[in-house]
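Undergrad: Got a structure for you, upload10.txt, holding compact mmCIF, C-alpha atoms.
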# COMPACT_ATOMS: atom_id res chain seq x y z
CA ASP A 22 163.56 33.96 186.58
CA THR A 23 166.54 33.24 188.83
CA GLU A 24 169.16 34.97 186.75
CA VAL A 25 171.41 37.93 187.10
CA THR A 26 172.20 39.24 183.63
CA GLN A 27 175.33 41.23 182.90
CA THR A 28 176.24 43.10 179.74
CA PRO A 29 178.54 43.20 177.95
CA LYS A 30 180.26 39.85 178.42
CA HIS A 31 183.57 41.24 177.19
CA LEU A 32 184.85 44.82 177.02
CA VAL A 33 188.12 46.29 175.82
CA MET A 34 188.64 49.96 176.58
CA GLY A 35 191.41 52.49 176.41
CA MET A 36 192.60 54.42 179.42
CA THR A 37 190.85 57.59 178.24
CA ASN A 38 187.53 55.92 177.46
CA LYS A 39 184.26 56.09 179.35
CA LYS A 40 182.18 52.92 179.45
CA SER A 41 179.46 51.35 181.56
CA LEU A 42 178.77 47.85 182.79
CA LYS A 43 175.15 46.86 183.25
CA CYS A 44 173.44 44.36 185.53
CA GLU A 45 169.80 43.34 185.75
CA GLN A 46 167.79 41.02 188.00
CA HIS A 47 164.07 40.37 188.18
CA MET A 48 163.96 38.29 191.34
CA GLY A 49 162.79 41.18 193.52
CA HIS A 50 166.06 41.17 195.40
CA ARG A 51 166.66 44.25 197.52
CA ALA A 52 170.46 44.11 197.60
CA MET A 53 172.80 44.31 194.63
CA TYR A 54 176.57 44.08 194.54
CA TRP A 55 179.62 44.71 192.40
CA TYR A 56 182.63 42.43 192.84
CA LYS A 57 186.01 42.49 191.13
CA GLN A 58 187.85 39.23 190.48
CA LYS A 59 191.43 38.93 189.29
CA ALA A 60 192.68 35.69 187.77
CA LYS A 61 193.00 32.81 190.25
CA LYS A 62 191.78 35.03 193.11
CA PRO A 63 188.50 35.19 195.03
CA PRO A 64 185.93 37.89 194.27
CA GLU A 65 186.54 41.15 196.13
CA LEU A 66 183.60 43.29 197.16
CA MET A 67 183.47 46.78 195.64
CA PHE A 68 179.99 48.17 196.30
CA VAL A 69 176.70 47.18 197.89
CA TYR A 70 173.33 48.77 197.19
CA SER A 71 170.54 48.09 199.63
CA TYR A 72 167.03 49.25 198.71
CA GLU A 73 168.58 51.30 195.89
CA LYS A 74 170.89 53.19 198.24
CA LEU A 75 174.65 52.79 198.37
CA SER A 76 175.36 51.09 201.69
CA ILE A 77 178.95 49.89 201.26
CA ASN A 78 181.85 51.33 199.29
CA GLU A 79 185.00 49.32 199.91
CA SER A 80 187.31 52.30 199.35
CA VAL A 81 187.05 51.90 195.60
CA PRO A 82 188.83 54.55 193.46
CA SER A 83 186.55 57.23 192.05
CA ARG A 84 187.25 56.11 188.50
CA PHE A 85 184.60 53.44 189.29
CA SER A 86 181.17 55.00 189.80
CA PRO A 87 178.17 52.82 190.68
CA GLU A 88 174.57 53.70 189.98
CA CYS A 89 171.31 52.00 190.89
CA PRO A 90 168.54 53.50 188.71
CA ASN A 91 165.87 51.19 190.16
CA SER A 92 165.50 48.01 192.16
CA SER A 93 166.24 45.78 189.15
CA LEU A 94 169.18 47.57 187.59
CA LEU A 95 172.76 48.26 188.63
CA ASN A 96 175.37 50.06 186.57
CA LEU A 97 179.09 50.54 186.98
CA HIS A 98 180.46 53.58 185.16
CA LEU A 99 184.12 53.42 184.22
CA HIS A 100 186.36 56.37 183.42
CA ALA A 101 190.12 56.78 183.09
CA LEU A 102 190.87 53.21 184.10
CA GLN A 103 194.33 51.75 184.42
CA PRO A 104 195.63 48.47 182.93
CA GLU A 105 195.66 46.97 186.43
CA ASP A 106 191.88 47.40 186.53
CA SER A 107 191.61 44.61 183.98
CA ALA A 108 189.59 41.86 185.65
CA LEU A 109 186.30 39.99 185.72
CA TYR A 110 183.58 42.24 187.13
CA LEU A 111 180.78 40.34 188.78
CA CYS A 112 177.33 41.58 189.68
CA ALA A 113 175.27 39.79 192.31
CA SER A 114 171.95 40.19 194.08
CA SER A 115 170.40 38.80 197.24
CA PRO A 116 166.91 39.00 198.73
CA ARG A 117 168.15 40.49 202.00
CA GLU A 118 171.16 40.52 204.27
CA VAL A 119 172.63 37.27 205.54
CA SER A 120 171.37 35.33 202.55
CA ARG A 121 172.95 33.76 199.55
CA ALA A 122 173.96 35.95 196.66
CA PHE A 123 173.14 35.07 193.06
CA PHE A 124 175.92 35.97 190.65
CA GLY A 125 175.90 36.95 187.03
CA GLN A 126 178.36 35.56 184.50
CA GLY A 127 180.54 38.62 184.74
CA THR A 128 182.04 41.14 182.34
CA ARG A 129 185.61 40.42 181.30
CA LEU A 130 187.22 43.88 181.18
CA THR A 131 190.54 44.59 179.51
CA VAL A 132 192.08 48.06 179.80
CA VAL A 133 194.66 48.85 177.14
CA GLY B 26 192.46 17.70 220.19
CA GLU B 27 190.50 17.55 216.98
CA SER B 28 192.53 17.86 213.82
CA VAL B 29 191.63 20.60 211.39
CA GLY B 30 191.91 20.06 207.69
CA LEU B 31 194.33 22.29 205.90
CA HIS B 32 193.23 24.53 203.09
CA LEU B 33 194.82 23.35 199.86
CA PRO B 34 194.84 25.56 196.75
CA THR B 35 194.47 22.52 194.48
CA LEU B 36 192.90 19.09 194.81
CA SER B 37 193.13 16.22 192.32
CA VAL B 38 190.48 13.54 192.73
CA GLN B 39 189.81 10.27 190.96
CA GLU B 40 186.39 10.10 189.37
CA GLY B 41 184.01 8.28 191.68
CA ASP B 42 185.97 9.08 194.84
CA ASN B 43 184.79 11.48 197.53
CA SER B 44 186.27 14.99 197.72
CA ILE B 45 186.83 17.07 200.84
CA ILE B 46 187.52 20.77 200.49
CA ASN B 47 188.53 22.74 203.57
CA CYS B 48 188.20 26.38 204.50
CA ALA B 49 189.34 28.32 207.56
CA TYR B 50 187.22 31.42 208.09
CA SER B 51 188.49 34.52 209.76
CA ASN B 52 185.65 36.32 211.53
CA SER B 53 184.39 34.74 214.75
CA ALA B 54 181.25 36.90 214.41
CA SER B 55 180.31 35.26 211.10
CA ASP B 56 177.14 33.25 211.40
CA TYR B 57 176.24 32.35 207.83
CA PHE B 58 178.44 30.43 205.42
CA ILE B 59 178.12 29.53 201.77
CA TRP B 60 179.99 27.31 199.34
CA TYR B 61 180.21 28.47 195.73
CA LYS B 62 181.45 26.65 192.63
CA GLN B 63 183.02 28.66 189.82
CA GLU B 64 183.64 27.10 186.44
CA SER B 65 186.01 28.67 183.95
CA GLY B 66 184.54 31.80 182.37
CA LYS B 67 181.46 31.80 184.61
CA GLY B 68 180.27 33.51 187.75
CA PRO B 69 180.15 31.75 191.13
CA GLN B 70 177.27 29.30 191.47
CA PHE B 71 175.62 28.56 194.83
CA ILE B 72 176.14 25.01 196.11
CA ILE B 73 175.02 24.89 199.72
CA ASP B 74 174.81 27.10 202.81
CA ILE B 75 174.80 26.65 206.57
CA ARG B 76 173.96 28.86 209.53
CA SER B 77 175.98 28.93 212.72
CA ASN B 78 173.29 27.18 214.75
CA MET B 79 174.00 24.02 212.75
CA ASP B 80 177.12 21.90 212.40
CA LYS B 81 176.12 19.82 209.40
CA ARG B 82 173.88 20.20 206.38
CA GLN B 83 173.37 17.85 203.48
CA GLY B 84 172.35 18.48 199.91
CA GLN B 85 172.39 16.40 196.79
CA ARG B 86 175.85 14.70 196.80
CA VAL B 87 177.23 17.48 198.97
CA THR B 88 177.63 17.92 202.73
CA VAL B 89 178.86 21.00 204.56
CA LEU B 90 180.39 20.71 208.02
CA LEU B 91 180.92 23.66 210.34
CA ASN B 92 183.24 23.67 213.36
CA LYS B 93 182.85 27.01 215.10
CA THR B 94 185.36 26.16 217.81
CA VAL B 95 188.24 26.18 215.35
CA LYS B 96 186.53 28.35 212.69
CA HIS B 97 186.62 25.65 210.08
CA LEU B 98 184.26 24.81 207.25
CA SER B 99 184.42 21.85 204.89
CA LEU B 100 182.60 20.72 201.77
CA GLN B 101 182.32 17.04 201.00
CA ILE B 102 181.37 15.92 197.50
CA ALA B 103 180.30 12.31 197.14
CA ALA B 104 181.15 10.26 194.05
CA THR B 105 183.00 13.11 192.34
CA GLN B 106 182.20 13.53 188.66
CA PRO B 107 184.08 15.27 185.81
CA GLY B 108 181.51 18.08 185.94
CA ASP B 109 182.65 18.83 189.48
CA SER B 110 185.95 20.19 188.15
CA ALA B 111 185.96 23.87 189.13
CA VAL B 112 187.20 26.36 191.70
CA TYR B 113 185.36 26.12 195.01
CA PHE B 114 185.07 29.12 197.33
CA CYS B 115 183.76 29.35 200.85
CA ALA B 116 182.18 32.64 201.84
CA GLU B 117 181.13 34.10 205.19
CA THR B 118 178.96 36.89 206.48
CA SER B 119 177.34 37.93 209.75
CA SER B 120 173.85 38.95 210.83
CA ASN B 121 172.56 42.22 209.44
CA ASP B 122 175.56 42.45 207.13
CA TYR B 123 175.60 42.55 203.35
CA LYS B 124 179.35 42.01 203.12
CA LEU B 125 180.08 38.51 201.82
CA SER B 126 183.79 37.69 202.21
CA PHE B 127 185.35 34.92 200.16
CA GLY B 128 188.10 32.47 201.04
CA ALA B 129 191.08 31.86 198.78
CA GLY B 130 189.48 29.05 196.75
CA THR B 131 190.41 25.47 195.92
CA THR B 132 190.80 24.24 192.34
CA VAL B 133 189.39 20.73 192.02
CA THR B 134 190.47 18.59 189.08
CA VAL B 135 188.72 15.27 188.50
CA ARG B 136 190.82 12.51 186.89
CA ALA B 137 189.04 10.05 184.63
Rewrite the coordinates I just gave you, this time as structure tokens.
TA:
Amino acid sequence: DTEVTQTPKHLVMGMTNKKSLKCEQHMGHRAMYWYKQKAKKPPELMFVYSYEKLSINESVPSRFSPECPNSSLLNLHLHALQPEDSALYLCASSPREVSRAFFGQGTRLTVV
Amino acid sequence: GESVGLHLPTLSVQEGDNSIINCAYSNSASDYFIWYKQESGKGPQFIIDIRSNMDKRQGQRVTVLLNKTVKHLSLQIAATQPGDSAVYFCAETSSNDYKLSFGAGTTVTVRA
């Protein structure tokens, strides 16, 4: 299994809603990532978990809250988002540092 | 001196021709580089990687060239096919670092 699976594929939420994005990998990778990608732009790193501990937070607003329940799962909890947070949210994993990252298909998020 | 290819945001290629996609990376400490392909509505897909102790690496129909002197990376695609139409991103990272930074991306369109 060489896949990173993200759910849901699409999400529309209001600015007062609370929702969660989910990511799963069964490749035994020890690092997992959240990226945000706006249209026609490169992915921008948000968070990195290494061995289930948060190792990088790229100054992301607190309305985005990551969680790593175990080595295979990564969640992104969303609360009180703004319309400008609408984007493609990508999850990725890698076996270790300085190695290629495997990406999921992303969750297309629309905040209304 | 050696000429450095410019990064172009778009590239139109005739089917069957070779494509060259250029990328200028920013961090002189970066020692691992990856090319990703992203098709519409999908996550980035790994194409090929190269470490800084190499200047060339070949895969199936693809070749990556690395010029550390001028911090330049290129991806060559041989005999470009319609399925090669996508956005191509270079990405860089350094030893003991989980942060993968992406370049601006080049949209490749293959003409029949």
Undergrad: Record the distance separating CA of Asp74 (chain B) and CA of Leu125 (chain B), expressed in Å with one decimal.
TA: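 Value for the CA of Asp74 (chain B)-CA of Leu125 (chain B) distance: 12.6 Å.
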Undergrad: Quick one: residues within 10 Å of Lys81 (chain B), only C-alpha atoms counted, chain neighbours fewer than 2 positions away excluded, as a tab-separated table (two decimals) with C-alpha atoms, in the coordinates of the input?
TA:
chain	number	residue	atom	x	y	z
B	74	ASP	CA	174.81	27.10	202.81
B	75	ILE	CA	174.80	26.65	206.57
B	76	ARG	CA	173.96	28.86	209.53
B	77	SER	CA	175.98	28.93	212.72
B	78	ASN	CA	173.29	27.18	214.75
B	79	MET	CA	174.00	24.02	212.75
B	83	GLN	CA	173.37	17.85	203.48
B	88	THR	CA	177.63	17.92	202.73
B	89	VAL	CA	178.86	21.00	204.56
B	90	LEU	CA	180.39	20.71	208.02
B	91	LEU	CA	180.92	23.66	210.34
B	92	ASN	CA	183.24	23.67	213.36
B	98	LEU	CA	184.26	24.81	207.25
B	99	SER	CA	184.42	21.85	204.89
Undergrad: If we count all atoms listed in the file, what is near region 38-51 of chain A at a cut-off of 6 Å, once residues fewer than 2 positions away on the same chain are taken out, given as number ranges by chain?
TA: A: 25-28, 35-36, 71-72, 93-100, 115-116
Undergrad: With all atoms listed in the file counted and 10 Å as the cut-off, give the residues of chain B in contact with chain A, each with its shortest interatomic distance in Å and the pair that gives it, as a Markdown table.
TA:
| residue | atom | partner | partner_atom | distance |
| --- | --- | --- | --- | --- |
| B:Pro34 | CA | A:Lys61 | CA | 9.9 |
| B:Ser55 | CA | A:Val119 | CA | 9.7 |
| B:Asp56 | CA | A:Val119 | CA | 8.4 |
| B:Tyr57 | CA | A:Val119 | CA | 6.5 |
| B:Phe58 | CA | A:Arg121 | CA | 8.7 |
| B:Ile59 | CA | A:Arg121 | CA | 7.0 |
| B:Trp60 | CA | A:Arg121 | CA | 9.6 |
| B:Tyr61 | CA | A:Arg121 | CA | 9.8 |
| B:Gln63 | CA | A:Gln126 | CA | 9.9 |
| B:Gly66 | CA | A:Gln126 | CA | 7.5 |
| B:Lys67 | CA | A:Gln126 | CA | 4.9 |
| B:Gly68 | CA | A:Gln126 | CA | 4.3 |
| B:Pro69 | CA | A:Phe124 | CA | 6.0 |
| B:Gln70 | CA | A:Phe124 | CA | 6.9 |
| B:Phe71 | CA | A:Phe123 | CA | 7.2 |
| B:Ile72 | CA | A:Arg121 | CA | 9.9 |
| B:Ile73 | CA | A:Arg121 | CA | 9.1 |
| B:Asp74 | CA | A:Arg121 | CA | 7.6 |
| B:Arg76 | CA | A:Val119 | CA | 9.4 |
| B:Val112 | CA | A:Lys61 | CA | 8.8 |
| B:Tyr113 | CA | A:Pro63 | CA | 9.6 |
| B:Phe114 | CA | A:Pro63 | CA | 7.3 |
| B:Cys115 | CA | A:Pro63 | CA | 9.5 |
| B:Ala116 | CA | A:Arg121 | CA | 9.6 |
| B:Glu117 | CA | A:Val119 | CA | 9.1 |
| B:Thr118 | CA | A:Val119 | CA | 6.4 |
| B:Ser119 | CA | A:Val119 | CA | 6.4 |
| B:Ser120 | CA | A:Val119 | CA | 5.7 |
| B:Asn121 | CA | A:Glu118 | CA | 5.6 |
| B:Asp122 | CA | A:Glu118 | CA | 5.6 |
| B:Tyr123 | CA | A:Glu118 | CA | 5.0 |
| B:Lys124 | CA | A:Leu66 | CA | 7.4 |
| B:Leu125 | CA | A:Leu66 | CA | 7.5 |
| B:Ser126 | CA | A:Glu65 | CA | 7.5 |
| B:Phe127 | CA | A:Pro63 | CA | 6.0 |
| B:Gly128 | CA | A:Pro63 | CA | 6.6 |
| B:Ala129 | CA | A:Pro63 | CA | 5.6 |
| B:Gly130 | CA | A:Pro63 | CA | 6.5 |
| B:Thr131 | CA | A:Lys61 | CA | 9.6 |
| B:Thr132 | CA | A:Lys61 | CA | 9.1 |
Undergrad: Enter the distance from CA of Asp42 (chain B) to CA of Glu64 (chain B), in Å, rounded to one decimal.
TA: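 About the pair CA of Asp42 (chain B) and CA of Glu64 (chain B): they are 20.0 Å apart.
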Undergrad: Between CA of Gln103 (chain A) and CA of Val133 (chain A), measure the distance and give it in Å to one decimal.
TA: 7.8 Å
Undergrad: Report, as JSON, the axis-aligned box around all atoms of region 97-110 of chain A present in the file, extended by 8 Å on each side; give centre and edge lengths in Å to one decimal place.
TA:
{"center_x": 187.4, "center_y": 48.4, "center_z": 185.0, "size_x": 32.6, "size_y": 32.8, "size_z": 20.2}
Undergrad: Check the smallest atom-to-atom distance from each of A:Ala101, A:Val33, A:Val81, A:Ala60 to Leu130 (chain A) using all atoms listed in the file, then report the winner.
TA: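 For Leu130 (chain A), the nearest of the given residues is A:Val33.
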Undergrad: From the set B:Ser65, B:Lys93, B:Ser37, B:Asn43, which residue has the shortest atom-to-atom contact distance to Val135 (chain B), counting only C-alpha atoms?
TA: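 Nearest to Val135 (chain B): B:Ser37.
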Undergrad: Find, counting all atoms listed in the file, the residue in A:Met34, A:Glu24, A:Phe85, A:Asn91 that gets nearest to Glu73 (chain A).
TA: A:Asn91
